Amino acid sequence: MSLTRLLTIKGAPDVLIGRCSTYTDHDGTTQPLDQEIIDSISRTKDNWSSQGKRVILLARKVIQKSFLQSTPSDAAYEDEIRALSSSNLTLVGILGIVDPPRDEIPSVIETLRGAGIRIFMVTGDFALTAQAIATEVGIITNRGSDVKTASALSREPSSTWGSESMSFDKSDNQPRERQVSSIIVSGPEMMTFNEHQWNALASYDEIVFARTTPEQKLRIVREFQSRHEVVGMTGDGVNDAPSLKAADIGIAIGSGSDIAIEASDMVLLESFESIVTALVYGRSVFDNLKKTIAYLLPAGSFSEFWPVFMNVVFGLPQILSSFLMIVICCFTDCAGAVVLAYEAPESDVLLRRPRRVGVDRLVNWQLMFQAYAIVGVLESLCSFAMAFWYLERQGLPFSLFWFKYGSYPDSIDVDFVNAHLAVASSIYFVNLVIMQWFNLLAVRTRRLSLLQHPPIGRRDSRNLLLFPAMAFGLVMIFFWCYIPVFHRVLATAPVPVEYFFLPGAFGCGILGLDEGRKFALRNYPGSWLQKFAW
């Protein structure tokens with residue numbers, strides 16, 4: 001039976017080199033480890049690390065069995081071996097491992113940065129290795145002395161800018177040319193940071209965290225979350241599980257460990273590029289919800305409110321019947337709102353900054369202004385004008401209804417008035433339905449022109465469901481207004497043909513105004529119109 005045990009160890013050179021007292025020479029002999037060899041090892045390690053290689057030191061130790069107080073089956077055996085491995089090791093060599101990043105990583109990082117997302121690297125690798133890899137894939141865009149270290153956080157009240165690059169200005173969603181700040185911090189340094197230093201660190205655009213433990217990764221996530229940042233964390237190992245669970249969205253690699261996959265919110269089954277796809281559709285869902293609301297509010301609430309208000313306050317007849325209000329809400333507008341959910345992502349969706357949680361809300365004052373003060377007012381005024389113009393042409397002037405509350409002179413035939421009021425109500429209804437067709441086309445994009453994001457032709461923008469939704473609105477008009485059995489019961493009536501064409505002209509006006517607004521937003525990003533963009 002062997003009287004010795006051979007202990008083999010691998011690990012970080014900067015950790016294990018202090019435990020070595022001898023080294024194995026080229027001829028296999030064991031020599032005392034002097035400062036010259038230590039310096040040579042350090043230079044080689046730094047050189048390889050700067051090339052992006054992961055450097056591992058290999059060591060061994062021969063242990064006399066008589067020194068061991070326990071056997072491998074004992075619980076204390078591991079602690080005993082760990083204590084014996086803390087000194088008098090023999091350095092066998094160092095190993096440089098090249099683990100090239102996936103081919104798609106640089107392009108994904110460039111795309112995410114263009115979307116206003118800051119990309120940080122959190123790794124257990126040596127700082128020089130981490131910096132080299134981060135530079136290779138584009139996480140660090142600065143070079144050399146422009147990349148700060150942790151000491152900068154104690155000297156400066158805020159980050160120091162490095163070389164020029166592109167970043168986003170939060171005031172107007174547009175890219176501005178300014179200098180980007182980069183810093184590299186190690187895990188042990190990070191644990192000594194105070195609140196001021198964390199605030200300064202959080203202001204940097206590009207950060208590499210090196211030599212981090214699972215506990216330190218978790219702290220990084222929580223520190224940025226405490227500063228109202230939305231944190232996404234990617235990882236594939238067991239050590240990544242705590243931070244994956246704590247992040248706002250944990251993203252696991254499909255080939256990773258089961259515990260990492262279980263702790264994450266999203267799993268990438270194919271390539272890292274799937275993150276971009278998820279980002280595009282996540283933003284487009286939010287966009288489509290805003291578009292749906294912007295489409296529904298003008299006719300479905302605002303333009304239906306004013307006939308009731310004018311009836312109660314100014315004594316005018318309720319120019320849009322309650323039943324036709326229900327038809328708009330439950331049929332015509334509902335169809336258009338449903339098809340907006342199928343809108344393709346706009347081509348500029350990855351050129352916007354991320355939404356600020358708690359600030360950029362789904363319904364904000366800009367959307368309300370667009371829906372009520374612009375589109376809603378135009379649709380209401382045009383619909384009122386069409387309805388009362390029809391009555392004027394039938395010999396029923398506006399003054400006949402103003403503050404009358406349903407009482408008319410004895411010379412007026414009430415049945416004659418009610419018959420024409422039914423037609424006027426149907427005209428108001430037709431005007432709203434047709435103008436909403438053009439509003440539907442207008443709200444498809446928030447900043448792009450209809451020509452840049454056409455509903456037909458291009459596969460990446462088309463939405464052919466828009467036209468059945470419009471056709472459904474036309475069917476509703478003929479179904480409720482042109483079938484005689486409904487006229488007496490629902491107070492509807494056929495609409496003269498000329499009242500179909502004028503609403504189309506009004507709708508073109510809405511579409512033209514919105515195209516002008518979008519043109520100004522695209523070409524004059526710093527203008528006052530930017531503050532009103534929904």
# chains A, B, ... in the order shown; residues from 1 in each chain; ligands from 1
>>> residues_around(residues="stretch 68-71 of chain A", least_positions_apart="5", cutoff="8 Å", atoms="only C-alpha atoms", output="number ranges by chain")
A: 76-77, 80
>>> residues_around(residues="stretch 532-534 of chain A", least_positions_apart="4", cutoff="9 Å", atoms="only C-alpha atoms", output="list of chain:residue names")
A:Lys290, A:Val363, A:Asn364, A:Trp365, A:Gln366, A:Leu367, A:Met368, A:Phe369, A:Gln370, A:Arg446, A:Arg447, A:Arg517, A:Lys518, A:Leu521, A:Trp528
>>> select_by_dssp(residues="stretch 228-456 of chain A", states="helix (DSSP H, G or I)", output="ChimeraX atom specification")
/A:238-246,258-263,274-314,322-340,349-351,365-393,398-400,414-442
>>> residues_around(residues="A:Ala127", least_positions_apart="4", cutoff="7 Å", atoms="only C-alpha atoms", output="number ranges by chain")
A: 131, 186, 210-211
>>> write_last_selection(atoms="N, CA and C atoms", output="mmCIF file, in the first residue's frame")
data_model
loop_
_atom_site.group_PDB
_atom_site.id
_atom_site.type_symbol
_atom_site.label_atom_id
_atom_site.label_comp_id
_atom_site.auth_asym_id
_atom_site.auth_seq_id
_atom_site.Cartn_x
_atom_site.Cartn_y
_atom_site.Cartn_z
ATOM 1 N N GLN A 131 -10.993 42.261 -19.045
ATOM 2 C CA GLN A 131 -10.930 43.474 -19.845
ATOM 3 C C GLN A 131 -10.668 43.150 -21.313
ATOM 4 N N SER A 186 -12.746 44.960 -9.432
ATOM 5 C CA SER A 186 -12.661 43.573 -8.959
ATOM 6 C C SER A 186 -13.623 43.358 -7.804
ATOM 7 N N ALA A 210 -14.659 41.989 -12.309
ATOM 8 C CA ALA A 210 -13.798 40.816 -12.396
ATOM 9 C C ALA A 210 -13.628 40.183 -11.016
ATOM 10 N N ARG A 211 -13.210 38.921 -11.030
ATOM 11 C CA ARG A 211 -12.933 38.184 -9.792
ATOM 12 C C ARG A 211 -14.108 38.255 -8.822
#
>>> select_by_dssp(residues="stretch 13-183 of chain A", states="strand (DSSP E or B)", output="compact mmCIF listing (two decimals) with all heavy atoms, in the first residue's frame")
# COMPACT_ATOMS: atom_id res chain seq x y z
N CYS A 20 3.11 28.38 -3.06
CA CYS A 20 4.18 27.53 -3.61
C CYS A 20 5.53 27.93 -3.04
O CYS A 20 5.84 29.12 -2.90
CB CYS A 20 4.21 27.65 -5.14
SG CYS A 20 2.71 27.07 -5.95
N SER A 21 6.32 26.95 -2.73
CA SER A 21 7.68 27.19 -2.25
C SER A 21 8.73 26.60 -3.20
O SER A 21 9.90 26.96 -3.12
CB SER A 21 7.87 26.58 -0.85
OG SER A 21 7.57 25.18 -0.87
N THR A 22 8.32 25.71 -4.10
CA THR A 22 9.22 25.10 -5.08
C THR A 22 8.54 25.06 -6.43
O THR A 22 7.34 25.30 -6.53
CB THR A 22 9.61 23.67 -4.66
OG1 THR A 22 8.41 22.88 -4.53
CG2 THR A 22 10.39 23.66 -3.34
N TYR A 23 9.34 24.74 -7.47
CA TYR A 23 8.77 24.58 -8.80
C TYR A 23 9.48 23.46 -9.52
O TYR A 23 10.60 23.07 -9.15
CB TYR A 23 8.87 25.87 -9.59
CG TYR A 23 10.26 26.21 -10.08
CD1 TYR A 23 10.66 25.88 -11.37
CD2 TYR A 23 11.18 26.85 -9.24
CE1 TYR A 23 11.94 26.18 -11.83
CE2 TYR A 23 12.45 27.16 -9.68
CZ TYR A 23 12.83 26.83 -10.99
OH TYR A 23 14.10 27.12 -11.43
N THR A 24 8.85 22.88 -10.51
CA THR A 24 9.43 21.81 -11.31
C THR A 24 10.13 22.41 -12.52
O THR A 24 9.49 23.10 -13.33
CB THR A 24 8.33 20.83 -11.77
OG1 THR A 24 7.67 20.29 -10.62
CG2 THR A 24 8.94 19.69 -12.58
N THR A 30 13.00 19.39 -8.96
CA THR A 30 12.32 20.37 -8.12
C THR A 30 13.34 21.38 -7.62
O THR A 30 14.37 21.01 -7.04
CB THR A 30 11.63 19.68 -6.94
OG1 THR A 30 10.67 18.74 -7.44
CG2 THR A 30 10.92 20.69 -6.06
N GLN A 31 13.03 22.65 -7.85
CA GLN A 31 13.93 23.74 -7.47
C GLN A 31 13.20 24.71 -6.54
O GLN A 31 11.97 24.83 -6.60
CB GLN A 31 14.41 24.49 -8.72
CG GLN A 31 15.07 23.64 -9.78
CD GLN A 31 16.43 23.15 -9.35
OE1 GLN A 31 17.04 23.71 -8.43
NE2 GLN A 31 16.93 22.10 -10.00
N PRO A 32 13.95 25.41 -5.70
CA PRO A 32 13.32 26.43 -4.85
C PRO A 32 12.73 27.55 -5.71
O PRO A 32 13.32 27.96 -6.70
CB PRO A 32 14.47 26.94 -3.97
CG PRO A 32 15.50 25.88 -4.03
CD PRO A 32 15.39 25.24 -5.39
N ARG A 54 -7.72 32.63 -20.37
CA ARG A 54 -7.94 32.33 -18.96
C ARG A 54 -6.72 31.53 -18.47
O ARG A 54 -6.43 30.46 -19.01
CB ARG A 54 -9.23 31.53 -18.76
CG ARG A 54 -10.47 32.36 -19.05
CD ARG A 54 -11.75 31.56 -18.87
NE ARG A 54 -12.92 32.41 -18.91
CZ ARG A 54 -13.55 32.77 -20.01
NH1 ARG A 54 -13.13 32.33 -21.18
NH2 ARG A 54 -14.59 33.57 -19.96
N VAL A 55 -6.04 32.06 -17.46
CA VAL A 55 -4.78 31.49 -17.00
C VAL A 55 -5.02 30.69 -15.73
O VAL A 55 -5.65 31.18 -14.79
CB VAL A 55 -3.73 32.58 -16.76
CG1 VAL A 55 -2.40 31.96 -16.36
CG2 VAL A 55 -3.55 33.43 -18.01
N ILE A 56 -4.54 29.46 -15.72
CA ILE A 56 -4.69 28.57 -14.57
C ILE A 56 -3.30 28.09 -14.15
O ILE A 56 -2.47 27.70 -14.98
CB ILE A 56 -5.58 27.36 -14.92
CG1 ILE A 56 -6.99 27.82 -15.27
CG2 ILE A 56 -5.63 26.37 -13.77
CD1 ILE A 56 -7.91 26.71 -15.72
N LEU A 57 -3.04 28.11 -12.87
CA LEU A 57 -1.78 27.60 -12.33
C LEU A 57 -1.99 26.17 -11.84
O LEU A 57 -3.01 25.87 -11.20
CB LEU A 57 -1.28 28.49 -11.19
CG LEU A 57 0.10 28.17 -10.62
CD1 LEU A 57 0.84 29.45 -10.25
CD2 LEU A 57 0.01 27.26 -9.39
N LEU A 58 -1.04 25.30 -12.16
CA LEU A 58 -1.10 23.90 -11.75
C LEU A 58 -0.03 23.65 -10.70
O LEU A 58 1.13 24.05 -10.87
CB LEU A 58 -0.87 22.98 -12.96
CG LEU A 58 -1.78 23.20 -14.17
CD1 LEU A 58 -1.38 22.28 -15.31
CD2 LEU A 58 -3.23 22.98 -13.80
N ALA A 59 -0.39 22.99 -9.62
CA ALA A 59 0.55 22.71 -8.53
C ALA A 59 0.27 21.32 -7.96
O ALA A 59 -0.78 20.72 -8.22
CB ALA A 59 0.44 23.78 -7.44
N ARG A 60 1.25 20.86 -7.21
CA ARG A 60 1.10 19.54 -6.59
C ARG A 60 1.77 19.54 -5.23
O ARG A 60 2.57 20.43 -4.90
CB ARG A 60 1.72 18.46 -7.47
CG ARG A 60 3.23 18.50 -7.50
CD ARG A 60 3.81 17.47 -8.42
NE ARG A 60 5.27 17.49 -8.34
CZ ARG A 60 6.07 16.87 -9.19
NH1 ARG A 60 5.55 16.18 -10.21
NH2 ARG A 60 7.39 16.92 -9.06
N LYS A 61 1.46 18.49 -4.45
CA LYS A 61 2.12 18.31 -3.15
C LYS A 61 2.03 16.84 -2.77
O LYS A 61 0.95 16.24 -2.86
CB LYS A 61 1.45 19.16 -2.08
CG LYS A 61 2.14 19.10 -0.72
CD LYS A 61 1.50 20.05 0.28
CE LYS A 61 2.27 20.05 1.60
NZ LYS A 61 1.68 20.99 2.57
N VAL A 62 3.15 16.30 -2.41
CA VAL A 62 3.20 14.91 -1.96
C VAL A 62 3.04 14.91 -0.44
O VAL A 62 3.81 15.57 0.27
CB VAL A 62 4.52 14.23 -2.38
CG1 VAL A 62 4.55 12.80 -1.83
CG2 VAL A 62 4.65 14.21 -3.90
N ILE A 63 2.03 14.20 0.00
CA ILE A 63 1.71 14.17 1.43
C ILE A 63 2.01 12.78 1.98
O ILE A 63 1.56 11.77 1.42
CB ILE A 63 0.24 14.54 1.67
CG1 ILE A 63 -0.07 15.92 1.06
CG2 ILE A 63 -0.09 14.52 3.15
CD1 ILE A 63 -1.53 16.28 1.11
N GLN A 64 2.77 12.74 3.04
CA GLN A 64 3.00 11.46 3.70
C GLN A 64 1.72 11.01 4.38
O GLN A 64 1.04 11.78 5.05
CB GLN A 64 4.12 11.61 4.76
CG GLN A 64 5.48 11.98 4.19
CD GLN A 64 6.03 10.90 3.29
OE1 GLN A 64 5.82 9.70 3.53
NE2 GLN A 64 6.77 11.31 2.25
N LEU A 89 3.54 24.13 -1.63
CA LEU A 89 3.17 23.47 -2.87
C LEU A 89 4.33 23.56 -3.87
O LEU A 89 5.18 24.44 -3.78
CB LEU A 89 1.93 24.13 -3.48
CG LEU A 89 0.65 24.15 -2.63
CD1 LEU A 89 -0.47 24.84 -3.41
CD2 LEU A 89 0.24 22.75 -2.23
N THR A 90 4.28 22.66 -4.86
CA THR A 90 5.27 22.67 -5.94
C THR A 90 4.58 23.11 -7.22
O THR A 90 3.61 22.49 -7.65
CB THR A 90 5.88 21.28 -6.14
OG1 THR A 90 6.57 20.89 -4.94
CG2 THR A 90 6.88 21.30 -7.31
N LEU A 91 5.08 24.21 -7.79
CA LEU A 91 4.49 24.74 -9.01
C LEU A 91 4.89 23.84 -10.18
O LEU A 91 6.07 23.61 -10.43
CB LEU A 91 4.98 26.17 -9.25
CG LEU A 91 4.30 26.98 -10.36
CD1 LEU A 91 4.39 28.46 -10.04
CD2 LEU A 91 4.92 26.72 -11.71
N VAL A 92 3.89 23.32 -10.88
CA VAL A 92 4.14 22.44 -12.02
C VAL A 92 4.15 23.23 -13.32
O VAL A 92 4.94 22.96 -14.23
CB VAL A 92 3.08 21.32 -12.07
CG1 VAL A 92 3.28 20.46 -13.31
CG2 VAL A 92 3.14 20.48 -10.80
N GLY A 93 3.28 24.24 -13.45
CA GLY A 93 3.22 25.04 -14.67
C GLY A 93 1.98 25.91 -14.69
O GLY A 93 1.16 25.88 -13.76
N ILE A 94 1.87 26.68 -15.73
CA ILE A 94 0.66 27.49 -15.92
C ILE A 94 0.08 27.15 -17.28
O ILE A 94 0.79 26.75 -18.21
CB ILE A 94 0.93 29.00 -15.80
CG1 ILE A 94 1.95 29.45 -16.86
CG2 ILE A 94 1.36 29.38 -14.41
CD1 ILE A 94 2.11 30.96 -16.89
N LEU A 95 -1.23 27.31 -17.36
CA LEU A 95 -1.97 26.89 -18.54
C LEU A 95 -2.82 28.06 -19.01
O LEU A 95 -3.53 28.68 -18.22
CB LEU A 95 -2.85 25.69 -18.19
CG LEU A 95 -3.60 24.99 -19.31
CD1 LEU A 95 -2.63 24.34 -20.27
CD2 LEU A 95 -4.56 23.95 -18.73
N GLY A 96 -2.74 28.38 -20.31
CA GLY A 96 -3.58 29.42 -20.89
C GLY A 96 -4.68 28.81 -21.74
O GLY A 96 -4.40 28.07 -22.68
N ILE A 97 -5.92 29.09 -21.39
CA ILE A 97 -7.07 28.49 -22.09
C ILE A 97 -7.76 29.57 -22.91
O ILE A 97 -8.10 30.65 -22.40
CB ILE A 97 -8.07 27.89 -21.09
CG1 ILE A 97 -7.38 26.81 -20.24
CG2 ILE A 97 -9.28 27.32 -21.81
CD1 ILE A 97 -8.26 26.23 -19.16
N PHE A 120 -22.98 45.34 -18.97
CA PHE A 120 -21.90 45.14 -18.01
C PHE A 120 -21.45 43.68 -18.06
O PHE A 120 -22.24 42.79 -18.39
CB PHE A 120 -22.36 45.46 -16.58
CG PHE A 120 -22.86 46.88 -16.40
CD1 PHE A 120 -23.73 47.19 -15.37
CD2 PHE A 120 -22.46 47.89 -17.25
CE1 PHE A 120 -24.21 48.47 -15.19
CE2 PHE A 120 -22.93 49.19 -17.09
CZ PHE A 120 -23.80 49.48 -16.06
N MET A 121 -20.20 43.46 -17.73
CA MET A 121 -19.65 42.10 -17.68
C MET A 121 -19.34 41.75 -16.23
O MET A 121 -18.67 42.51 -15.54
CB MET A 121 -18.37 42.02 -18.53
CG MET A 121 -17.74 40.65 -18.57
SD MET A 121 -16.31 40.67 -19.69
CE MET A 121 -15.77 38.98 -19.56
N VAL A 122 -19.86 40.64 -15.78
CA VAL A 122 -19.62 40.15 -14.42
C VAL A 122 -19.02 38.76 -14.54
O VAL A 122 -19.67 37.84 -15.04
CB VAL A 122 -20.92 40.12 -13.59
CG1 VAL A 122 -20.63 39.70 -12.16
CG2 VAL A 122 -21.62 41.47 -13.62
N VAL A 147 -9.78 53.51 -19.68
CA VAL A 147 -10.54 52.60 -18.82
C VAL A 147 -10.12 52.82 -17.38
O VAL A 147 -8.96 52.60 -17.02
CB VAL A 147 -10.31 51.13 -19.23
CG1 VAL A 147 -11.12 50.21 -18.33
CG2 VAL A 147 -10.68 50.92 -20.69
N LYS A 148 -11.05 53.29 -16.56
CA LYS A 148 -10.74 53.63 -15.17
C LYS A 148 -10.68 52.38 -14.29
O LYS A 148 -11.15 51.31 -14.67
CB LYS A 148 -11.78 54.61 -14.63
CG LYS A 148 -11.96 55.87 -15.47
CD LYS A 148 -10.67 56.64 -15.60
CE LYS A 148 -10.86 57.89 -16.44
NZ LYS A 148 -9.60 58.63 -16.63
N GLU A 164 -14.69 59.43 -27.30
CA GLU A 164 -16.03 59.73 -27.78
C GLU A 164 -16.71 58.49 -28.34
O GLU A 164 -16.10 57.65 -28.97
CB GLU A 164 -15.97 60.80 -28.88
CG GLU A 164 -15.65 62.19 -28.31
CD GLU A 164 -15.86 63.25 -29.35
OE1 GLU A 164 -16.17 62.91 -30.49
OE2 GLU A 164 -15.72 64.44 -29.00
N SER A 165 -18.00 58.39 -28.08
CA SER A 165 -18.81 57.31 -28.63
C SER A 165 -20.23 57.79 -28.66
O SER A 165 -20.53 58.93 -28.31
CB SER A 165 -18.65 56.05 -27.79
OG SER A 165 -19.37 54.99 -28.34
N MET A 166 -21.15 56.91 -29.04
CA MET A 166 -22.56 57.29 -29.18
C MET A 166 -23.33 56.80 -27.97
O MET A 166 -23.17 55.67 -27.53
CB MET A 166 -23.15 56.66 -30.44
CG MET A 166 -24.53 57.15 -30.75
SD MET A 166 -24.55 58.82 -31.38
CE MET A 166 -23.99 58.54 -33.05
N SER A 167 -24.17 57.65 -27.39
CA SER A 167 -25.03 57.23 -26.29
C SER A 167 -26.33 58.01 -26.41
O SER A 167 -26.49 58.84 -27.29
CB SER A 167 -24.37 57.49 -24.94
OG SER A 167 -24.20 58.86 -24.76
N PHE A 168 -27.28 57.77 -25.46
CA PHE A 168 -28.61 58.34 -25.60
C PHE A 168 -28.82 59.48 -24.61
O PHE A 168 -28.38 59.42 -23.46
CB PHE A 168 -29.67 57.26 -25.37
CG PHE A 168 -29.99 56.51 -26.61
CD1 PHE A 168 -29.08 55.65 -27.19
CD2 PHE A 168 -31.21 56.67 -27.23
CE1 PHE A 168 -29.38 54.97 -28.34
CE2 PHE A 168 -31.53 55.99 -28.39
CZ PHE A 168 -30.61 55.14 -28.94
N PRO A 175 -30.09 59.80 -30.17
CA PRO A 175 -28.68 59.61 -29.87
C PRO A 175 -27.92 60.92 -29.92
O PRO A 175 -28.12 61.73 -30.79
CB PRO A 175 -28.22 58.65 -30.98
CG PRO A 175 -29.22 58.78 -32.06
CD PRO A 175 -30.50 59.18 -31.42
N ARG A 176 -27.04 61.13 -28.94
CA ARG A 176 -26.21 62.31 -28.88
C ARG A 176 -24.75 61.88 -28.88
O ARG A 176 -24.39 60.85 -28.31
CB ARG A 176 -26.48 63.10 -27.59
CG ARG A 176 -27.92 63.60 -27.46
CD ARG A 176 -28.18 64.76 -28.37
NE ARG A 176 -29.48 65.36 -28.08
CZ ARG A 176 -29.99 66.33 -28.80
NH1 ARG A 176 -29.36 66.81 -29.84
NH2 ARG A 176 -31.16 66.83 -28.49
N GLU A 177 -23.92 62.70 -29.48
CA GLU A 177 -22.50 62.41 -29.50
C GLU A 177 -21.91 62.88 -28.19
O GLU A 177 -21.88 64.08 -27.89
CB GLU A 177 -21.84 63.12 -30.69
CG GLU A 177 -20.48 62.57 -31.06
CD GLU A 177 -20.57 61.24 -31.77
OE1 GLU A 177 -21.62 60.96 -32.38
OE2 GLU A 177 -19.61 60.47 -31.71
N ARG A 178 -21.43 61.98 -27.37
CA ARG A 178 -20.77 62.37 -26.14
C ARG A 178 -19.77 61.29 -25.77
O ARG A 178 -19.69 60.24 -26.39
CB ARG A 178 -21.77 62.58 -25.00
CG ARG A 178 -22.40 61.32 -24.43
CD ARG A 178 -23.02 61.64 -23.08
NE ARG A 178 -23.71 60.52 -22.50
CZ ARG A 178 -23.11 59.52 -21.86
NH1 ARG A 178 -21.81 59.47 -21.77
NH2 ARG A 178 -23.83 58.54 -21.33
N GLN A 179 -18.99 61.54 -24.74
CA GLN A 179 -17.95 60.62 -24.35
C GLN A 179 -18.50 59.55 -23.43
O GLN A 179 -19.34 59.80 -22.58
CB GLN A 179 -16.81 61.39 -23.67
CG GLN A 179 -16.12 62.37 -24.62
CD GLN A 179 -15.12 63.25 -23.90
OE1 GLN A 179 -15.36 63.70 -22.79
NE2 GLN A 179 -14.00 63.51 -24.55
N SER A 182 -15.75 54.22 -19.02
CA SER A 182 -15.51 52.78 -18.83
C SER A 182 -14.71 52.57 -17.55
O SER A 182 -13.83 53.38 -17.21
CB SER A 182 -14.73 52.20 -20.01
OG SER A 182 -15.36 52.49 -21.23
N ILE A 183 -15.01 51.49 -16.85
CA ILE A 183 -14.30 51.19 -15.61
C ILE A 183 -14.24 49.68 -15.41
O ILE A 183 -15.14 48.96 -15.86
CB ILE A 183 -14.98 51.87 -14.40
CG1 ILE A 183 -14.11 51.77 -13.15
CG2 ILE A 183 -16.37 51.28 -14.14
CD1 ILE A 183 -14.62 52.63 -11.99
>>> residues_around(residues="A:Arg118", least_positions_apart="6", cutoff="9 Å", atoms="only C-alpha atoms", output="list of chain:residue names")
A:Leu112, A:Ile139, A:Asp205, A:Glu206, A:Ile207
>>> write_last_selection(atoms="C-alpha atoms", output="compact mmCIF listing (two decimals), in the first residue's frame")
# COMPACT_ATOMS: atom_id res chain seq x y z
CA LEU A 112 -28.45 46.36 -27.45
CA ILE A 139 -18.56 45.67 -23.93
CA ASP A 205 -21.63 53.47 -19.19
CA GLU A 206 -19.36 50.42 -19.42
CA ILE A 207 -18.39 48.34 -16.40
>>> atom_distance(atom1="atom CA of A:Ala263", atom2="atom CA of A:Lys245")
5.0 Å
>>> atom_distance(atom1="atom CA of A:Ser264", atom2="atom CA of A:Val357")
20.9 Å
>>> residues_around(residues="A:Trp402", least_positions_apart="6", cutoff="7 Å", atoms="only C-alpha atoms", output="list in words")
Phe314, Gly315 and Leu316 of chain A
>>> write_last_selection(atoms="C-alpha atoms", output="PDB file, in the first residue's frame")
ATOM      1  CA  PHE A 314     -77.271  73.267 -23.771  1.00  0.00           C
ATOM      2  CA  GLY A 315     -80.596  71.564 -24.443  1.00  0.00           C
ATOM      3  CA  LEU A 316     -79.584  70.155 -27.839  1.00  0.00           C
TER       4      LEU A 316
END
